[in-house]
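protein.cif (mmCIF, C-alpha atoms and all ligand atoms)
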data_target
#
loop_
_atom_site.label_atom_id
_atom_site.label_comp_id
_atom_site.auth_asym_id
_atom_site.auth_seq_id
_atom_site.Cartn_x
_atom_site.Cartn_y
_atom_site.Cartn_z
CA MET H 1 -189.13 22.14 183.33
CA SER H 2 -191.37 24.39 185.38
CA LYS H 3 -193.87 26.25 183.22
CA LEU H 4 -192.31 29.25 181.52
CA VAL H 5 -194.62 32.27 181.44
CA TYR H 6 -193.60 35.28 179.36
CA THR H 7 -193.57 38.42 181.48
CA LYS H 8 -191.67 40.86 179.24
CA ALA H 9 -193.14 42.71 176.25
CA LEU H 10 -190.93 40.97 173.67
CA ILE H 11 -193.60 39.57 171.34
CA ARG H 12 -197.39 39.90 171.04
CA LEU H 13 -198.09 36.18 171.65
CA ASP H 14 -197.94 34.23 174.88
CA ARG H 15 -195.99 30.95 174.87
CA GLU H 16 -199.02 28.74 174.14
CA ALA H 17 -200.10 30.87 171.17
CA LEU H 18 -196.54 30.99 169.88
CA ILE H 19 -196.25 27.19 170.05
CA ALA H 20 -199.56 26.80 168.19
CA THR H 21 -198.38 29.25 165.49
CA VAL H 22 -195.10 27.41 164.97
CA GLN H 23 -196.90 24.05 164.87
CA GLU H 24 -199.20 25.32 162.13
CA ALA H 25 -196.28 26.53 159.98
CA LEU H 26 -194.21 23.33 160.14
CA SER H 27 -194.30 19.57 159.73
CA GLN H 28 -194.77 17.69 162.99
CA ALA H 29 -191.13 16.50 162.98
CA ARG H 30 -189.75 20.01 162.51
CA PHE H 31 -192.15 21.43 165.08
CA GLU H 32 -190.89 18.88 167.59
CA HIS H 33 -187.30 19.88 166.73
CA CYS H 34 -188.22 23.46 167.68
CA LEU H 35 -189.64 22.28 171.01
CA ARG H 36 -186.44 20.32 171.73
CA VAL H 37 -184.28 23.32 170.82
CA GLU H 38 -186.39 25.42 173.18
CA ALA H 39 -186.06 22.96 176.07
CA THR H 40 -182.30 22.76 175.52
CA ALA H 41 -181.88 26.54 175.26
CA VAL H 42 -184.02 27.26 178.32
CA ALA H 43 -182.06 24.73 180.40
CA LEU H 44 -178.75 26.27 179.26
CA ALA H 45 -180.07 29.80 179.91
CA LYS H 46 -180.88 28.82 183.49
CA GLN H 47 -177.52 27.08 183.89
CA TYR H 48 -175.64 30.20 182.72
CA GLY H 49 -177.91 32.83 184.29
CA GLU H 50 -179.07 34.10 180.90
CA ASP H 51 -182.56 35.16 179.82
CA ALA H 52 -184.80 32.05 179.57
CA GLU H 53 -187.68 34.03 178.08
CA ARG H 54 -185.61 35.31 175.16
CA ALA H 55 -184.08 31.85 174.72
CA SER H 56 -187.57 30.32 174.56
CA ILE H 57 -189.03 32.75 172.02
CA ALA H 58 -185.96 32.71 169.76
CA SER H 59 -185.74 28.90 169.84
CA LEU H 60 -189.42 28.32 169.12
CA LEU H 61 -189.21 30.66 166.11
CA HIS H 62 -185.74 29.89 164.74
CA ASP H 63 -186.98 27.51 161.99
CA TYR H 64 -190.38 29.19 161.52
CA ALA H 65 -189.61 29.81 157.80
CA LYS H 66 -187.88 26.51 157.08
CA GLU H 67 -190.80 25.35 154.91
CA ALA H 68 -191.43 28.75 153.29
CA THR H 69 -191.18 29.24 149.51
CA VAL H 70 -189.01 31.64 147.51
CA ALA H 71 -192.25 33.46 146.61
CA GLU H 72 -192.83 34.17 150.29
CA LEU H 73 -189.23 35.31 150.71
CA LYS H 74 -189.66 37.77 147.84
CA GLN H 75 -192.61 39.36 149.62
CA TYR H 76 -190.00 40.80 151.99
CA ALA H 77 -187.91 42.43 149.22
CA ASP H 78 -188.82 45.87 150.61
CA HIS H 79 -187.68 44.99 154.14
CA PRO H 80 -184.56 46.91 155.27
CA ASP H 81 -182.89 43.65 156.37
CA TYR H 82 -183.57 41.85 153.07
CA ASP H 83 -180.55 40.73 151.04
CA PRO H 84 -181.18 39.96 147.33
CA THR H 85 -178.07 37.74 147.16
CA TRP H 86 -179.99 35.16 149.21
CA LEU H 87 -181.66 34.16 145.94
CA ASN H 88 -178.31 32.70 144.82
CA TRP H 89 -178.43 30.42 147.86
CA GLY H 90 -181.13 28.13 149.19
CA ASN H 91 -183.61 28.03 152.02
CA ALA H 92 -180.77 26.66 154.18
CA ILE H 93 -179.28 30.18 154.20
CA TRP H 94 -182.37 32.44 154.13
CA HIS H 95 -184.80 30.60 156.43
CA GLY H 96 -183.35 32.34 159.50
CA PRO H 97 -183.65 35.88 158.12
CA LEU H 98 -187.14 35.19 156.77
CA ALA H 99 -188.25 33.72 160.12
CA ALA H 100 -187.06 36.87 161.91
CA MET H 101 -188.78 39.23 159.46
CA LYS H 102 -192.01 37.19 159.52
CA ALA H 103 -192.03 37.13 163.32
CA GLN H 104 -191.54 40.89 163.37
CA ARG H 105 -194.30 41.64 160.84
CA GLU H 106 -196.83 38.92 161.65
CA LEU H 107 -196.35 38.06 165.32
CA GLY H 108 -195.37 41.38 166.85
CA LEU H 109 -191.80 40.45 167.72
CA VAL H 110 -190.20 43.70 168.91
CA ASP H 111 -187.07 42.52 170.70
CA ASP H 112 -183.81 43.07 168.79
CA GLU H 113 -181.78 40.41 170.56
CA ILE H 114 -184.36 37.73 169.68
CA TYR H 115 -184.76 39.08 166.14
CA TRP H 116 -181.04 38.86 165.34
CA ALA H 117 -180.61 35.53 167.13
CA ILE H 118 -183.24 34.04 164.80
CA TYR H 119 -181.93 35.92 161.77
CA TRP H 120 -178.34 34.66 162.14
CA HIS H 121 -178.95 31.22 163.70
CA THR H 122 -177.60 29.33 160.66
CA VAL H 123 -174.63 31.40 159.49
CA GLY H 124 -173.64 33.03 162.78
CA THR H 125 -172.93 36.67 163.53
CA LEU H 126 -170.06 39.01 164.41
CA ASN H 127 -172.18 40.17 167.34
CA TRP H 128 -172.95 37.03 169.37
CA THR H 129 -175.45 37.90 172.09
CA PRO H 130 -176.25 35.36 174.82
CA THR H 131 -179.55 34.56 173.08
CA ALA H 132 -177.84 34.05 169.71
CA LYS H 133 -175.33 31.67 171.31
CA LEU H 134 -178.05 29.73 173.13
CA VAL H 135 -180.11 29.20 169.97
CA ALA H 136 -177.16 28.24 167.75
CA ILE H 137 -175.77 25.79 170.31
CA SER H 138 -179.14 24.27 171.20
CA ASP H 139 -179.98 23.80 167.52
CA PHE H 140 -176.73 21.85 167.24
CA ILE H 141 -177.04 19.68 170.38
CA GLU H 142 -180.80 19.15 170.90
CA PRO H 143 -181.45 15.58 172.14
CA LYS H 144 -182.26 14.02 168.75
CA ARG H 145 -179.07 15.20 167.02
CA THR H 146 -177.01 12.07 166.39
CA PHE H 147 -173.89 13.04 164.40
CA PRO H 148 -170.59 11.69 165.81
CA GLU H 149 -169.37 15.02 167.22
CA VAL H 150 -172.54 15.80 169.16
CA ASP H 151 -171.36 14.29 172.47
CA GLU H 152 -168.26 16.49 172.42
CA ALA H 153 -170.47 19.50 171.60
CA ARG H 154 -172.79 18.68 174.53
CA ALA H 155 -169.84 18.34 176.90
CA LEU H 156 -168.44 21.69 175.74
CA ALA H 157 -171.84 23.37 176.16
CA ASN H 158 -171.76 22.32 179.80
CA GLN H 159 -168.37 23.97 180.25
CA SER H 160 -168.70 27.19 178.27
CA LEU H 161 -171.06 28.65 175.67
CA ASP H 162 -168.08 30.14 173.82
CA ALA H 163 -166.32 26.77 173.60
CA ALA H 164 -169.48 25.21 172.19
CA ILE H 165 -169.98 28.02 169.66
CA VAL H 166 -166.49 27.78 168.21
CA TYR H 167 -166.76 23.99 168.07
CA LYS H 168 -170.04 24.29 166.18
CA MET H 169 -168.59 26.82 163.72
CA ALA H 170 -165.55 24.64 163.00
CA GLN H 171 -167.66 21.50 162.68
CA GLU H 172 -170.07 23.22 160.27
CA LEU H 173 -167.16 24.28 158.05
CA ARG H 174 -165.69 20.75 158.09
CA PHE H 175 -169.12 19.34 157.23
CA LEU H 176 -169.70 21.71 154.31
CA ILE H 177 -166.23 21.08 152.87
CA HIS H 178 -166.63 17.33 153.32
CA LYS H 179 -169.93 17.51 151.39
CA GLY H 180 -168.43 19.75 148.70
CA ARG H 181 -170.94 22.49 149.43
CA ALA H 182 -170.31 26.23 149.08
CA VAL H 183 -169.56 28.17 152.25
CA TYR H 184 -171.67 31.30 152.63
CA PRO H 185 -169.22 34.22 152.91
CA GLN H 186 -170.49 35.36 156.31
CA THR H 187 -170.16 31.82 157.70
CA LEU H 188 -166.43 32.04 157.02
CA ALA H 189 -166.14 35.70 158.11
CA VAL H 190 -167.77 34.91 161.46
CA TYR H 191 -165.40 32.00 162.06
CA ASN H 192 -162.34 34.10 161.14
CA HIS H 193 -163.49 36.97 163.35
CA TRP H 194 -163.98 34.60 166.27
CA VAL H 195 -160.48 33.14 165.90
CA GLU H 196 -158.95 36.62 165.64
CA THR H 197 -160.74 37.96 168.71
CA HIS H 198 -160.66 34.87 170.98
CA GLN H 199 -157.40 33.13 170.20
CA GLY H 200 -155.11 36.07 169.51
CA GLY H 201 -155.06 35.34 165.74
P1 LIG A 301 -181.68 23.38 160.88
O1 LIG A 301 -182.44 24.52 160.25
O2 LIG A 301 -182.22 22.95 162.21
O3 LIG A 301 -181.58 22.21 159.93
O4 LIG A 301 -180.17 23.87 161.15
P2 LIG A 301 -179.36 25.15 160.59
O5 LIG A 301 -180.27 26.31 160.43
O6 LIG A 301 -178.16 25.32 161.46
O7 LIG A 301 -178.78 24.69 159.17
C1 LIG A 301 -179.53 24.59 158.00
C2 LIG A 301 -178.68 24.03 156.90
O8 LIG A 301 -177.78 25.04 156.42
C3 LIG A 301 -177.79 22.84 157.30
O9 LIG A 301 -177.93 21.83 156.31
C4 LIG A 301 -176.39 23.42 157.28
O10 LIG A 301 -175.41 22.45 156.98
C5 LIG A 301 -176.51 24.46 156.19
N1 LIG A 301 -175.49 25.53 156.25
C6 LIG A 301 -174.98 26.18 157.32
N2 LIG A 301 -174.03 27.07 156.97
C7 LIG A 301 -173.91 26.98 155.61
C8 LIG A 301 -173.08 27.61 154.63
O11 LIG A 301 -172.23 28.46 154.89
N3 LIG A 301 -173.26 27.20 153.31
C9 LIG A 301 -174.19 26.27 152.94
N4 LIG A 301 -174.29 25.93 151.67
N5 LIG A 301 -174.97 25.66 153.85
C10 LIG A 301 -174.85 26.00 155.15
FE FE A 302 -182.40 26.46 161.02
FE FE A 303 -183.14 24.16 163.74
#

In structure tokens, how does this file's structure come out?
Amino acid sequence: MSKLVYTKALIRLDREALIATVQEALSQARFEHCLRVEATAVALAKQYGEDAERASIASLLHDYAKEATVAELKQYADHPDYDPTWLNWGNAIWHGPLAAMKAQRELGLVDDEIYWAIYWHTVGTLNWTPTAKLVAISDFIEPKRTFPEVDEARALANQSLDAAIVYKMAQELRFLIHKGRAVYPQTLAVYNHWVETHQGG
């Protein structure tokens, strides 16, 4: 990958400073996951003519709050995008929103498309931007993912971002049901909305 230099005023940090910040916040294994998601998302962005810079920033930051505590989450209770019902769920659900809010307050993230791509990367969104699709898909198919369906997901990502997104959403629902875990209401709403708008209901 040729060196990606940020040229737009999307966040206060340059790529090297952003990588160092993410590395400091996470275990080495999770930091490396973020680098693999970034490489995957940037490659897909180039393949589809989407914004590699936004894909890079959103991917590097998507799991920035994955090791944060509930106490840190609660420090954002006054934020307009804070949802108190997150406390009934776990970090699995709120680490995306907290990462977005932290990046906005601490790192000078000012770009809405990146903010919401990070915020919704786990549960999905009714308003899938190209950046949101690239992060969600790349998180699912980065090279060290090994679940049985990943090869199909990688093949779909090479054909169409939309095909890969709907495959990921369906697979996530199957996985949660198989494990007997609760489905976050928006996870289901996003899937239903996608089916209604893309497959004629
Ligand atoms: P990661 O942060 O790279 O591990 O990936 P994600 O952010 O996509 O997922 C984080 C965790 O949230 C995974 O274990 C998912 O299975 C889980 N998850 C995703 N959607 C839901 C949901 O609707 N309900 C619950 N309980 N867990 C979910
Ligand atoms: Fe995540
Ligand atoms: Fe991730």

Worksheet item: If you count all atoms listed in the file, which residues end up within 6 Å of ligand LIG 301 (chain A), as a list in words?
Response: Asp63, Ala92, Ile93, Thr122, Val123, Asp139, Arg181, Ala182, Val183, Tyr184 and Thr187 of chain H

Fill in: For CA of Gly124 (chain H) and CA of Ala189 (chain H), the interatomic separation in Å (one decimal)
9.2 Å

Surrounding residues as a short mmCIF file (atom, residue, chain, number, x, y, z; two decimals) with C-alpha atoms, in the coordinates of the input, ligand FE 303 (chain A), max 9 Å, only C-alpha atoms and all ligand atoms:
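That gives us selection.cif:
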data_model
loop_
_atom_site.label_atom_id
_atom_site.label_comp_id
_atom_site.auth_asym_id
_atom_site.auth_seq_id
_atom_site.Cartn_x
_atom_site.Cartn_y
_atom_site.Cartn_z
CA ARG H 30 -189.75 20.01 162.51
CA HIS H 33 -187.30 19.88 166.73
CA CYS H 34 -188.22 23.46 167.68
CA VAL H 37 -184.28 23.32 170.82
CA SER H 59 -185.74 28.90 169.84
CA HIS H 62 -185.74 29.89 164.74
CA ASP H 63 -186.98 27.51 161.99
CA LYS H 66 -187.88 26.51 157.08
CA HIS H 121 -178.95 31.22 163.70
CA THR H 122 -177.60 29.33 160.66
CA VAL H 135 -180.11 29.20 169.97
CA ALA H 136 -177.16 28.24 167.75
CA SER H 138 -179.14 24.27 171.20
CA ASP H 139 -179.98 23.80 167.52
CA PHE H 140 -176.73 21.85 167.24
#

Worksheet entry | Best match for closeness to ligand FE 302 (chain A) among H:Val150, H:Ala55, H:Leu61, H:Ala163, counting all atoms listed in the file | H:Leu61

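Residues within 12 Å of Pro84 (chain H), counting only C-alpha atoms and excluding same-chain residues fewer than 2 positions away, are Val70, Leu73, Lys74, Gln75, Tyr76, Ala77, Asp78, His79, Pro80, Asp81, Tyr82, Trp86, Leu87, Asn88, Trp89, Gly90, Trp94 and Pro97 of chain H.
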
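Among H:Asp111, H:Glu142, H:Asp51, H:Asp14, the residue with the shortest atom-to-atom distance to Arg154 (chain H), counting only C-alpha atoms, is H:Glu142.
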
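Remark: for ligand FE 302 (chain A), the closest of the candidate residues H:Ala65, H:Leu134, H:Ala71, H:Leu126 is H:Ala65 (distances computed over only C-alpha atoms and all ligand atoms).
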
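The space between CA of Lys102 (chain H) and CA of Pro143 (chain H) spans 27.2 Å.
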
Item to complete: Return the single residue from H:Ile118, H:Val42, H:Ala103, H:Ala17 that is closest to ligand FE 302 (chain A), with distances computed using only C-alpha atoms and all ligand atoms.
Response: H:Ile118

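Within the 12 Å cut-off around Asp162 (chain H), using all atoms listed in the file and omitting residues fewer than 2 positions from it on the same chain, the listed residues are Tyr48, Trp128, Thr129, Pro130, Ala132, Lys133, Leu134, Ala136, Ile137, Ala153, Leu156, Ala157, Asn158, Gln159, Ser160, Ala164, Ile165, Val166, Tyr167, Lys168, Met169, Trp194, Val195, Thr197, His198 and Gln199 of chain H.
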
Given the selection you just returned, output its residues as a file containing C-alpha atoms, formatted as a CSV table (one decimal), keeping the file's coordinate frame.
chain,number,residue,atom,x,y,z
H,48,TYR,CA,-175.6,30.2,182.7
H,128,TRP,CA,-173.0,37.0,169.4
H,129,THR,CA,-175.4,37.9,172.1
H,130,PRO,CA,-176.2,35.4,174.8
H,132,ALA,CA,-177.8,34.0,169.7
H,133,LYS,CA,-175.3,31.7,171.3
H,134,LEU,CA,-178.0,29.7,173.1
H,136,ALA,CA,-177.2,28.2,167.8
H,137,ILE,CA,-175.8,25.8,170.3
H,153,ALA,CA,-170.5,19.5,171.6
H,156,LEU,CA,-168.4,21.7,175.7
H,157,ALA,CA,-171.8,23.4,176.2
H,158,ASN,CA,-171.8,22.3,179.8
H,159,GLN,CA,-168.4,24.0,180.2
H,160,SER,CA,-168.7,27.2,178.3
H,164,ALA,CA,-169.5,25.2,172.2
H,165,ILE,CA,-170.0,28.0,169.7
H,166,VAL,CA,-166.5,27.8,168.2
H,167,TYR,CA,-166.8,24.0,168.1
H,168,LYS,CA,-170.0,24.3,166.2
H,169,MET,CA,-168.6,26.8,163.7
H,194,TRP,CA,-164.0,34.6,166.3
H,195,VAL,CA,-160.5,33.1,165.9
H,197,THR,CA,-160.7,38.0,168.7
H,198,HIS,CA,-160.7,34.9,171.0
H,199,GLN,CA,-157.4,33.1,170.2

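With only C-alpha atoms and all ligand atoms as the basis for measurement, H:Asn91 is the residue among H:Thr40, H:Thr21, H:Asn91, H:Thr69 that approaches ligand FE 302 (chain A) most closely.
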
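If you look at CA of Trp120 (chain H) and CA of Gly96 (chain H), they are 6.1 Å away from each other.
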
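Of the listed residues (H:Gly49, H:Glu113, H:Arg174, H:Ala20), H:Glu113 comes nearest to Asn127 (chain H); the distances count all atoms listed in the file.
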